[in-house]
file coords.cif (mmCIF, C-alpha atoms; chains and numbers go by the auth columns)
data_final
#
loop_
_atom_site.group_PDB
_atom_site.id
_atom_site.type_symbol
_atom_site.label_atom_id
_atom_site.label_comp_id
_atom_site.label_asym_id
_atom_site.label_seq_id
_atom_site.Cartn_x
_atom_site.Cartn_y
_atom_site.Cartn_z
_atom_site.B_iso_or_equiv
_atom_site.auth_seq_id
_atom_site.auth_asym_id
ATOM 1 C CA MET A 1 33.004 -11.378 -34.257 0.00 151 O
ATOM 2 C CA PHE A 2 29.552 -9.856 -34.620 0.00 152 O
ATOM 3 C CA VAL A 3 28.514 -9.754 -38.291 0.00 153 O
ATOM 4 C CA LYS A 4 25.609 -7.641 -39.542 0.00 154 O
ATOM 5 C CA ILE A 5 24.295 -7.915 -43.092 0.00 155 O
ATOM 6 C CA CYS A 6 22.552 -4.692 -44.013 0.00 156 O
ATOM 7 C CA GLY A 7 20.349 -3.593 -46.890 0.00 157 O
ATOM 8 C CA ILE A 8 18.166 -6.699 -46.799 0.00 158 O
ATOM 9 C CA THR A 9 15.185 -6.384 -49.156 0.00 159 O
ATOM 10 C CA SER A 10 13.884 -9.948 -49.463 0.00 160 O
ATOM 11 C CA GLU A 11 12.985 -12.898 -47.301 0.00 161 O
ATOM 12 C CA GLU A 12 15.361 -15.097 -49.304 0.00 162 O
ATOM 13 C CA ASP A 13 18.362 -12.897 -48.573 0.00 163 O
ATOM 14 C CA ALA A 14 17.446 -12.583 -44.904 0.00 164 O
ATOM 15 C CA LEU A 15 17.117 -16.343 -44.448 0.00 165 O
ATOM 16 C CA LEU A 16 20.311 -17.022 -46.401 0.00 166 O
ATOM 17 C CA SER A 17 22.287 -14.496 -44.340 0.00 167 O
ATOM 18 C CA VAL A 18 21.114 -16.136 -41.135 0.00 168 O
ATOM 19 C CA ALA A 19 21.795 -19.641 -42.433 0.00 169 O
ATOM 20 C CA LEU A 20 25.359 -18.622 -43.267 0.00 170 O
ATOM 21 C CA GLY A 21 25.984 -17.318 -39.752 0.00 171 O
ATOM 22 C CA ALA A 22 25.051 -13.638 -39.692 0.00 172 O
ATOM 23 C CA ASP A 23 24.275 -12.335 -36.213 0.00 173 O
ATOM 24 C CA ALA A 24 22.124 -9.430 -37.380 0.00 174 O
ATOM 25 C CA VAL A 25 20.259 -8.242 -40.454 0.00 175 O
ATOM 26 C CA GLY A 26 19.432 -4.648 -41.268 0.00 176 O
ATOM 27 C CA PHE A 27 16.491 -3.115 -43.123 0.00 177 O
ATOM 28 C CA VAL A 28 16.794 0.386 -44.570 0.00 178 O
ATOM 29 C CA PHE A 29 13.867 2.767 -44.081 0.00 179 O
ATOM 30 C CA ALA A 30 15.761 5.865 -45.195 0.00 180 O
ATOM 31 C CA PRO A 31 15.652 6.954 -48.863 0.00 181 O
ATOM 32 C CA SER A 32 17.880 4.477 -50.671 0.00 182 O
ATOM 33 C CA SER A 33 17.951 1.945 -53.491 0.00 183 O
ATOM 34 C CA ARG A 34 17.631 -0.599 -50.668 0.00 184 O
ATOM 35 C CA GLN A 35 14.673 1.044 -48.947 0.00 185 O
ATOM 36 C CA VAL A 36 11.912 -1.371 -47.918 0.00 186 O
ATOM 37 C CA ALA A 37 8.318 -0.938 -46.770 0.00 187 O
ATOM 38 C CA VAL A 38 7.411 -1.516 -43.146 0.00 188 O
ATOM 39 C CA ASP A 39 4.848 -4.219 -43.887 0.00 189 O
ATOM 40 C CA ARG A 40 7.333 -6.142 -46.024 0.00 190 O
ATOM 41 C CA VAL A 41 9.914 -6.042 -43.244 0.00 191 O
ATOM 42 C CA ARG A 42 7.349 -7.253 -40.725 0.00 192 O
ATOM 43 C CA ASP A 43 6.592 -10.268 -42.908 0.00 193 O
ATOM 44 C CA ILE A 44 10.301 -11.089 -43.278 0.00 194 O
ATOM 45 C CA VAL A 45 11.068 -10.691 -39.575 0.00 195 O
ATOM 46 C CA ARG A 46 8.331 -13.166 -38.655 0.00 196 O
ATOM 47 C CA ARG A 47 10.292 -15.863 -40.485 0.00 197 O
ATOM 48 C CA LEU A 48 13.580 -15.254 -38.708 0.00 198 O
ATOM 49 C CA PRO A 49 14.797 -17.090 -35.598 0.00 199 O
ATOM 50 C CA PRO A 50 14.587 -15.056 -32.379 0.00 200 O
ATOM 51 C CA GLU A 51 18.346 -15.161 -31.743 0.00 201 O
ATOM 52 C CA VAL A 52 18.978 -12.991 -34.805 0.00 202 O
ATOM 53 C CA LEU A 53 19.163 -9.265 -34.123 0.00 203 O
ATOM 54 C CA THR A 54 16.858 -7.380 -36.494 0.00 204 O
ATOM 55 C CA VAL A 55 17.739 -3.731 -37.091 0.00 205 O
ATOM 56 C CA GLY A 56 15.885 -0.838 -38.688 0.00 206 O
ATOM 57 C CA VAL A 57 18.142 1.765 -40.305 0.00 207 O
ATOM 58 C CA PHE A 58 17.031 5.411 -40.237 0.00 208 O
ATOM 59 C CA ARG A 59 18.505 8.720 -41.317 0.00 209 O
ATOM 60 C CA ASN A 60 17.403 12.000 -39.713 0.00 210 O
ATOM 61 C CA GLU A 61 13.979 10.608 -38.815 0.00 211 O
ATOM 62 C CA LEU A 62 11.972 11.949 -35.883 0.00 212 O
ATOM 63 C CA PRO A 63 12.304 9.778 -32.758 0.00 213 O
ATOM 64 C CA ASP A 64 8.545 9.148 -32.579 0.00 214 O
ATOM 65 C CA ARG A 65 8.560 7.900 -36.167 0.00 215 O
ATOM 66 C CA VAL A 66 11.575 5.656 -35.518 0.00 216 O
ATOM 67 C CA VAL A 67 9.850 4.060 -32.549 0.00 217 O
ATOM 68 C CA GLU A 68 6.585 3.647 -34.472 0.00 218 O
ATOM 69 C CA ILE A 69 8.298 1.832 -37.348 0.00 219 O
ATOM 70 C CA ILE A 70 10.383 -0.374 -35.061 0.00 220 O
ATOM 71 C CA GLN A 71 7.242 -1.479 -33.243 0.00 221 O
ATOM 72 C CA ARG A 72 5.154 -1.980 -36.401 0.00 222 O
ATOM 73 C CA ALA A 73 7.866 -4.043 -38.074 0.00 223 O
ATOM 74 C CA GLY A 74 8.621 -6.103 -34.973 0.00 224 O
ATOM 75 C CA LEU A 75 12.301 -5.157 -34.963 0.00 225 O
ATOM 76 C CA ARG A 76 14.662 -5.366 -32.010 0.00 226 O
ATOM 77 C CA ALA A 77 17.025 -2.454 -32.693 0.00 227 O
ATOM 78 C CA ALA A 78 17.259 0.971 -34.322 0.00 228 O
ATOM 79 C CA GLN A 79 20.317 2.205 -36.190 0.00 229 O
ATOM 80 C CA LEU A 80 20.464 5.991 -36.449 0.00 230 O
ATOM 81 C CA HIS A 81 22.570 6.816 -39.481 0.00 231 O
ATOM 82 C CA GLY A 82 22.148 10.556 -39.823 0.00 232 O
ATOM 83 C CA ASP A 83 22.752 13.740 -37.869 0.00 233 O
ATOM 84 C CA GLU A 84 20.639 12.719 -34.899 0.00 234 O
ATOM 85 C CA SER A 85 21.573 14.611 -31.752 0.00 235 O
ATOM 86 C CA ALA A 86 22.554 13.014 -28.483 0.00 236 O
ATOM 87 C CA GLU A 87 19.156 14.024 -27.105 0.00 237 O
ATOM 88 C CA GLN A 88 17.275 12.402 -29.985 0.00 238 O
ATOM 89 C CA THR A 89 19.372 9.245 -29.682 0.00 239 O
ATOM 90 C CA ARG A 90 18.671 9.003 -25.964 0.00 240 O
ATOM 91 C CA GLU A 91 14.950 9.488 -26.631 0.00 241 O
ATOM 92 C CA VAL A 92 14.922 6.548 -29.058 0.00 242 O
ATOM 93 C CA LYS A 93 16.985 4.481 -26.623 0.00 243 O
ATOM 94 C CA SER A 94 14.434 5.079 -23.868 0.00 244 O
ATOM 95 C CA ARG A 95 11.767 3.370 -26.006 0.00 245 O
ATOM 96 C CA VAL A 96 13.677 0.816 -28.100 0.00 246 O
ATOM 97 C CA ASP A 97 15.601 -2.154 -26.715 0.00 247 O
ATOM 98 C CA LEU A 98 18.849 -1.526 -28.600 0.00 248 O
ATOM 99 C CA VAL A 99 20.248 1.504 -30.413 0.00 249 O
ATOM 100 C CA ILE A 100 23.236 1.713 -32.744 0.00 250 O
ATOM 101 C CA LYS A 101 24.455 5.254 -33.496 0.00 251 O
ATOM 102 C CA ALA A 102 26.375 5.636 -36.736 0.00 252 O
ATOM 103 C CA PHE A 103 29.021 8.270 -37.451 0.00 253 O
ATOM 104 C CA GLU A 104 31.266 8.836 -40.409 0.00 254 O
ATOM 105 C CA ALA A 105 34.943 8.363 -39.618 0.00 255 O
ATOM 106 C CA GLY A 106 36.408 11.517 -38.113 0.00 256 O
ATOM 107 C CA HIS A 107 33.054 12.894 -36.911 0.00 257 O
ATOM 108 C CA PRO A 108 33.406 14.999 -33.716 0.00 258 O
ATOM 109 C CA GLY A 109 30.583 13.001 -32.121 0.00 259 O
ATOM 110 C CA LEU A 110 32.991 10.089 -31.738 0.00 260 O
ATOM 111 C CA GLY A 111 34.695 12.098 -29.026 0.00 261 O
ATOM 112 C CA ARG A 112 31.564 12.288 -26.864 0.00 262 O
ATOM 113 C CA LEU A 113 29.895 8.931 -27.316 0.00 263 O
ATOM 114 C CA ASP A 114 28.803 8.678 -23.693 0.00 264 O
ATOM 115 C CA THR A 115 26.322 11.514 -24.227 0.00 265 O
ATOM 116 C CA TYR A 116 24.465 9.457 -26.856 0.00 266 O
ATOM 117 C CA ALA A 117 23.915 6.445 -24.545 0.00 267 O
ATOM 118 C CA ALA A 118 23.797 4.076 -27.533 0.00 268 O
ATOM 119 C CA ASP A 119 24.467 0.365 -27.131 0.00 269 O
ATOM 120 C CA ALA A 120 26.988 0.364 -29.990 0.00 270 O
ATOM 121 C CA VAL A 121 28.643 2.829 -32.335 0.00 271 O
ATOM 122 C CA LEU A 122 28.985 2.186 -36.069 0.00 272 O
ATOM 123 C CA VAL A 123 31.865 3.879 -37.880 0.00 273 O
ATOM 124 C CA ASP A 124 31.223 4.292 -41.607 0.00 274 O
ATOM 125 C CA SER A 125 32.524 6.116 -44.648 0.00 275 O
ATOM 126 C CA SER A 126 31.149 9.535 -45.566 0.00 276 O
ATOM 127 C CA THR A 127 28.969 7.910 -48.251 0.00 277 O
ATOM 128 C CA PRO A 128 27.079 5.039 -46.546 0.00 278 O
ATOM 129 C CA GLY A 129 26.033 2.197 -48.820 0.00 279 O
ATOM 130 C CA SER A 130 28.351 3.272 -51.627 0.00 280 O
ATOM 131 C CA GLY A 131 30.855 0.482 -51.102 0.00 281 O
ATOM 132 C CA GLU A 132 33.639 3.038 -50.648 0.00 282 O
ATOM 133 C CA ALA A 133 36.234 2.261 -48.006 0.00 283 O
ATOM 134 C CA PHE A 134 37.671 5.016 -45.837 0.00 284 O
ATOM 135 C CA ASP A 135 41.052 5.526 -44.237 0.00 285 O
ATOM 136 C CA TRP A 136 40.880 3.092 -41.326 0.00 286 O
ATOM 137 C CA ARG A 137 43.449 5.166 -39.460 0.00 287 O
ATOM 138 C CA LEU A 138 40.593 7.575 -38.693 0.00 288 O
ATOM 139 C CA ALA A 139 38.868 4.810 -36.738 0.00 289 O
ATOM 140 C CA GLU A 140 42.113 3.685 -35.118 0.00 290 O
ATOM 141 C CA ASP A 141 42.726 7.197 -33.803 0.00 291 O
ATOM 142 C CA ALA A 142 39.174 7.820 -32.563 0.00 292 O
ATOM 143 C CA PRO A 143 38.494 7.691 -28.787 0.00 293 O
ATOM 144 C CA LEU A 144 36.433 4.497 -28.948 0.00 294 O
ATOM 145 C CA SER A 145 37.789 2.569 -25.983 0.00 295 O
ATOM 146 C CA GLY A 146 35.070 1.057 -23.819 0.00 296 O
ATOM 147 C CA HIS A 147 32.458 1.078 -26.581 0.00 297 O
ATOM 148 C CA ARG A 148 31.145 -1.659 -28.850 0.00 298 O
ATOM 149 C CA VAL A 149 32.448 -0.557 -32.239 0.00 299 O
ATOM 150 C CA ILE A 150 30.939 -1.850 -35.476 0.00 300 O
ATOM 151 C CA LEU A 151 33.051 -1.121 -38.533 0.00 301 O
ATOM 152 C CA ALA A 152 31.392 -0.469 -41.903 0.00 302 O
ATOM 153 C CA GLY A 153 32.226 1.250 -45.162 0.00 303 O
ATOM 154 C CA GLY A 154 33.532 -0.570 -48.206 0.00 304 O
ATOM 155 C CA LEU A 155 34.087 -3.889 -46.477 0.00 305 O
ATOM 156 C CA ARG A 156 34.192 -7.105 -48.484 0.00 306 O
ATOM 157 C CA ALA A 157 35.734 -10.538 -48.087 0.00 307 O
ATOM 158 C CA GLU A 158 38.997 -9.354 -49.640 0.00 308 O
ATOM 159 C CA ASN A 159 39.668 -6.572 -47.121 0.00 309 O
ATOM 160 C CA VAL A 160 37.758 -7.453 -43.961 0.00 310 O
ATOM 161 C CA VAL A 161 40.729 -9.254 -42.391 0.00 311 O
ATOM 162 C CA SER A 162 42.921 -6.161 -42.778 0.00 312 O
ATOM 163 C CA ALA A 163 40.147 -3.944 -41.411 0.00 313 O
ATOM 164 C CA ILE A 164 39.619 -6.124 -38.349 0.00 314 O
ATOM 165 C CA SER A 165 43.348 -6.384 -37.737 0.00 315 O
ATOM 166 C CA ARG A 166 43.836 -2.619 -37.825 0.00 316 O
ATOM 167 C CA VAL A 167 40.730 -1.356 -36.046 0.00 317 O
ATOM 168 C CA ARG A 168 39.920 -4.375 -33.837 0.00 318 O
ATOM 169 C CA PRO A 169 36.173 -3.672 -33.833 0.00 319 O
ATOM 170 C CA TRP A 170 33.561 -5.555 -31.868 0.00 320 O
ATOM 171 C CA GLY A 171 31.662 -6.198 -35.093 0.00 321 O
ATOM 172 C CA VAL A 172 31.491 -5.540 -38.834 0.00 322 O
ATOM 173 C CA ASP A 173 28.663 -4.410 -41.085 0.00 323 O
ATOM 174 C CA VAL A 174 28.372 -4.964 -44.830 0.00 324 O
ATOM 175 C CA SER A 175 25.836 -4.227 -47.538 0.00 325 O
ATOM 176 C CA SER A 176 27.135 -3.510 -51.048 0.00 326 O
ATOM 177 C CA GLY A 177 30.202 -5.697 -50.494 0.00 327 O
ATOM 178 C CA VAL A 178 28.029 -8.819 -50.587 0.00 328 O
ATOM 179 C CA GLU A 179 25.643 -7.783 -53.363 0.00 329 O
ATOM 180 C CA ARG A 180 25.065 -8.847 -56.951 0.00 330 O
ATOM 181 C CA GLU A 181 23.257 -5.532 -57.499 0.00 331 O
ATOM 182 C CA PRO A 182 21.817 -2.939 -55.090 0.00 332 O
ATOM 183 C CA GLY A 183 19.384 -4.703 -52.789 0.00 333 O
ATOM 184 C CA VAL A 184 20.156 -8.215 -54.063 0.00 334 O
ATOM 185 C CA LYS A 185 22.692 -10.293 -52.135 0.00 335 O
ATOM 186 C CA ASP A 186 25.176 -12.635 -53.790 0.00 336 O
ATOM 187 C CA PRO A 187 25.259 -16.060 -52.040 0.00 337 O
ATOM 188 C CA VAL A 188 28.956 -16.630 -52.751 0.00 338 O
ATOM 189 C CA LYS A 189 29.983 -13.179 -51.520 0.00 339 O
ATOM 190 C CA LEU A 190 27.799 -13.593 -48.426 0.00 340 O
ATOM 191 C CA ARG A 191 29.373 -16.926 -47.549 0.00 341 O
ATOM 192 C CA GLU A 192 32.917 -15.676 -48.091 0.00 342 O
ATOM 193 C CA PHE A 193 32.411 -12.480 -46.125 0.00 343 O
ATOM 194 C CA ILE A 194 30.748 -14.061 -43.112 0.00 344 O
ATOM 195 C CA SER A 195 33.190 -16.959 -42.829 0.00 345 O
ATOM 196 C CA THR A 196 36.211 -14.694 -43.327 0.00 346 O
ATOM 197 C CA ALA A 197 35.055 -12.128 -40.778 0.00 347 O
ATOM 198 C CA LYS A 198 34.227 -14.793 -38.203 0.00 348 O
ATOM 199 C CA ALA A 199 37.628 -16.421 -38.640 0.00 349 O
ATOM 200 C CA ALA A 200 39.414 -13.065 -38.327 0.00 350 O
ATOM 201 C CA GLY A 201 37.703 -12.110 -35.071 0.00 351 O
ATOM 202 C CA PRO A 202 39.264 -12.465 -31.612 0.00 352 O
ATOM 203 C CA ASP A 203 39.660 -15.989 -30.287 0.00 353 O
ATOM 204 C CA ARG A 204 36.730 -16.978 -28.099 0.00 354 O
ATOM 205 C CA GLN A 205 39.171 -18.782 -25.821 0.00 355 O
ATOM 206 C CA SER A 206 41.279 -15.671 -25.211 0.00 356 O
ATOM 207 C CA ASP A 207 41.543 -14.223 -21.739 0.00 357 O
ATOM 208 C CA GLY A 208 40.673 -10.679 -22.777 0.00 358 O
ATOM 209 C CA PRO A 209 37.832 -8.757 -21.120 0.00 359 O
ATOM 210 C CA ASP A 210 35.586 -9.228 -24.164 0.00 360 O
ATOM 211 C CA SER A 211 36.393 -12.871 -24.821 0.00 361 O
ATOM 212 C CA ASP A 212 32.820 -13.926 -24.029 0.00 362 O
ATOM 213 C CA LEU A 213 31.467 -11.665 -26.769 0.00 363 O
ATOM 214 C CA TYR A 214 32.929 -13.578 -29.683 0.00 364 O
ATOM 215 C CA ALA A 215 30.987 -16.777 -30.204 0.00 365 O
ATOM 216 C CA ASN A 216 31.389 -18.898 -33.328 0.00 366 O
ATOM 217 C CA GLY A 217 27.746 -18.715 -34.279 0.00 367 O
ATOM 218 C CA PRO A 218 24.692 -16.529 -33.757 0.00 368 O
ATOM 219 C CA TYR A 219 25.046 -14.261 -30.747 0.00 369 O
ATOM 220 C CA ASP A 220 22.827 -14.542 -27.766 0.00 370 O
ATOM 221 C CA TRP A 221 22.542 -10.783 -28.130 0.00 371 O
ATOM 222 C CA GLN A 222 19.990 -10.583 -25.348 0.00 372 O
ATOM 223 C CA ILE A 223 22.729 -11.514 -22.885 0.00 373 O
ATOM 224 C CA ASP A 224 25.533 -9.687 -24.682 0.00 374 O
ATOM 225 C CA PHE A 225 23.792 -6.331 -24.677 0.00 375 O
#
call {"tool": "encode", "arguments": {"input": "coords.cif", "output": "structure tokens"}}
result
Amino acid sequence: MFVKICGITSEEDALLSVALGADAVGFVFAPSSRQVAVDRVRDIVRRLPPEVLTVGVFRNELPDRVVEIIQRAGLRAAQLHGDESAEQTREVKSRVDLVIKAFEAGHPGLGRLDTYAADAVLVDSSTPGSGEAFDWRLAEDAPLSGHRVILAGGLRAENVVSAISRVRPWGVDVSSGVEREPGVKDPVKLREFISTAKAAGPDRQSDGPDSDLYANGPYDWQIDF
């Protein structure tokens, strides 16, 4: 199970997330209580091992600006968390290694994911970063087959097993569910969430078509994607 810890604002939280088994860390560049400066992110990323996927999170930013920030910060992926069109998403994808396109549950864009050409789709609540869960039936009923689905929105150690069981996503994403306060991660919550999510993911030894995607440790995302 791919686990992404989002809303990272400090080197300490980034290193701790990685040490506890996170496969990816996310840095928010959109207006938010967790927003971080590009230069600060660049300094943090330099300290992280190369097998960790580093993601910049944007909301309704121009493609050229997204690409500029990704390159300046030394990030590997862009997460587009606004109303970006399929054309804008494809433009970013043409210039950035990996792109995650986020939609709120029930968004009509989930019915035409192929037009966005993103590497993964993130399904979130209507209020990203609020810690509010949504009705997971909306994700269950969405036409997501054949896509790497990352589930977000109100996840925490206490409910991530139920979420994974119902939606069967490729990965999970958490921010406020592992925080002491906005932008500051809680070591105990981080440990519990990551270990619980990893244990709840599909068995690596299964014979399913995606069995090779679920390693018990940091992804070799360069092969996976």
call {"tool": "closest_residue", "arguments": {"input": "coords.cif", "among": "O:Ala223, O:Ile314, O:Ile344, O:Val217", "to": "Leu301 of chain O", "atoms": "all atoms listed in the file"}}
result
O:Ile314
call {"tool": "atom_distance", "arguments": {"input": "coords.cif", "atom1": "atom CA of Lys348 of chain O", "atom2": "atom CA of Lys154 of chain O"}}
result
11.3 Å
call {"tool": "closest_atom_pairs", "arguments": {"input": "coords.cif", "of": "segment 201-230 of chain O", "to": "segment 176-194 of chain O", "cutoff": "7 Å", "atoms": "only C-alpha atoms", "output": "CSV"}}
result
residue,atom,partner,partner_atom,distance
O:Thr204,CA,O:Gly176,CA,6.1
O:Val205,CA,O:Gly176,CA,4.6
O:Gly206,CA,O:Phe177,CA,5.0
O:Val207,CA,O:Val178,CA,4.7
O:Phe208,CA,O:Ala180,CA,5.1
O:Arg209,CA,O:Ala180,CA,5.5
O:Ile219,CA,O:Val188,CA,6.8
O:Ala223,CA,O:Arg192,CA,4.2
O:Gly224,CA,O:Arg192,CA,6.0
call {"tool": "closest_residue", "arguments": {"input": "coords.cif", "among": "O:Arg215, O:Arg341, O:His297, O:Arg306", "to": "Gly327 of chain O", "atoms": "all atoms listed in the file"}}
result
O:Arg306
call {"tool": "residues_around", "arguments": {"input": "coords.cif", "residues": "Asp274 of chain O", "least_positions_apart": "2", "cutoff": "6 Å", "atoms": "only C-alpha atoms", "output": "list of chain:residue names"}}
result
O:Glu254, O:Ala255, O:Ala302, O:Gly303
call {"tool": "closest_residue", "arguments": {"input": "coords.cif", "among": "O:Val338, O:Gln229, O:Val242, O:Arg196", "to": "Ala164 of chain O", "atoms": "only C-alpha atoms"}}
result
O:Arg196
call {"tool": "atom_distance", "arguments": {"input": "coords.cif", "atom1": "atom CA of Lys243 of chain O", "atom2": "atom CA of Val202 of chain O"}}
result
19.4 Å
call {"tool": "atom_distance", "arguments": {"input": "coords.cif", "atom1": "atom CA of His257 of chain O", "atom2": "atom CA of Gly333 of chain O"}}
result
27.4 Å
call {"tool": "closest_residue", "arguments": {"input": "coords.cif", "among": "O:Val317, O:Leu166, O:Ala307, O:Ala172", "to": "Val273 of chain O", "atoms": "only C-alpha atoms"}}
result
O:Val317
call {"tool": "closest_residue", "arguments": {"input": "coords.cif", "among": "O:Glu241, O:Glu162, O:Glu329, O:Glu342", "to": "Asp214 of chain O", "atoms": "only C-alpha atoms"}}
result
O:Glu241
call {"tool": "residues_around", "arguments": {"input": "coords.cif", "residues": "Val271 of chain O", "least_positions_apart": "6", "cutoff": "10 Å", "atoms": "only C-alpha atoms", "output": "list in words"}}
result
Gln229, Leu230, Val249, Ile250, Lys251, Ala252, Phe253, Leu260, Leu263, Leu294, His297, Arg298, Val299, Ile300, Leu301, Trp320 and Gly321 of chain O
call {"tool": "closest_residue", "arguments": {"input": "coords.cif", "among": "O:Leu212, O:Ala228, O:Gly157, O:Thr239", "to": "Val324 of chain O", "atoms": "all atoms listed in the file"}}
result
O:Gly157
call {"tool": "resolve_selection", "arguments": {"input": "coords.cif", "expression": "the PyMOL selection byres ((chain O and resi 203) around 8)", "output": "MDAnalysis selection string"}}
result
chainID O and resid 173:175 200:202 204:205 226:227 371
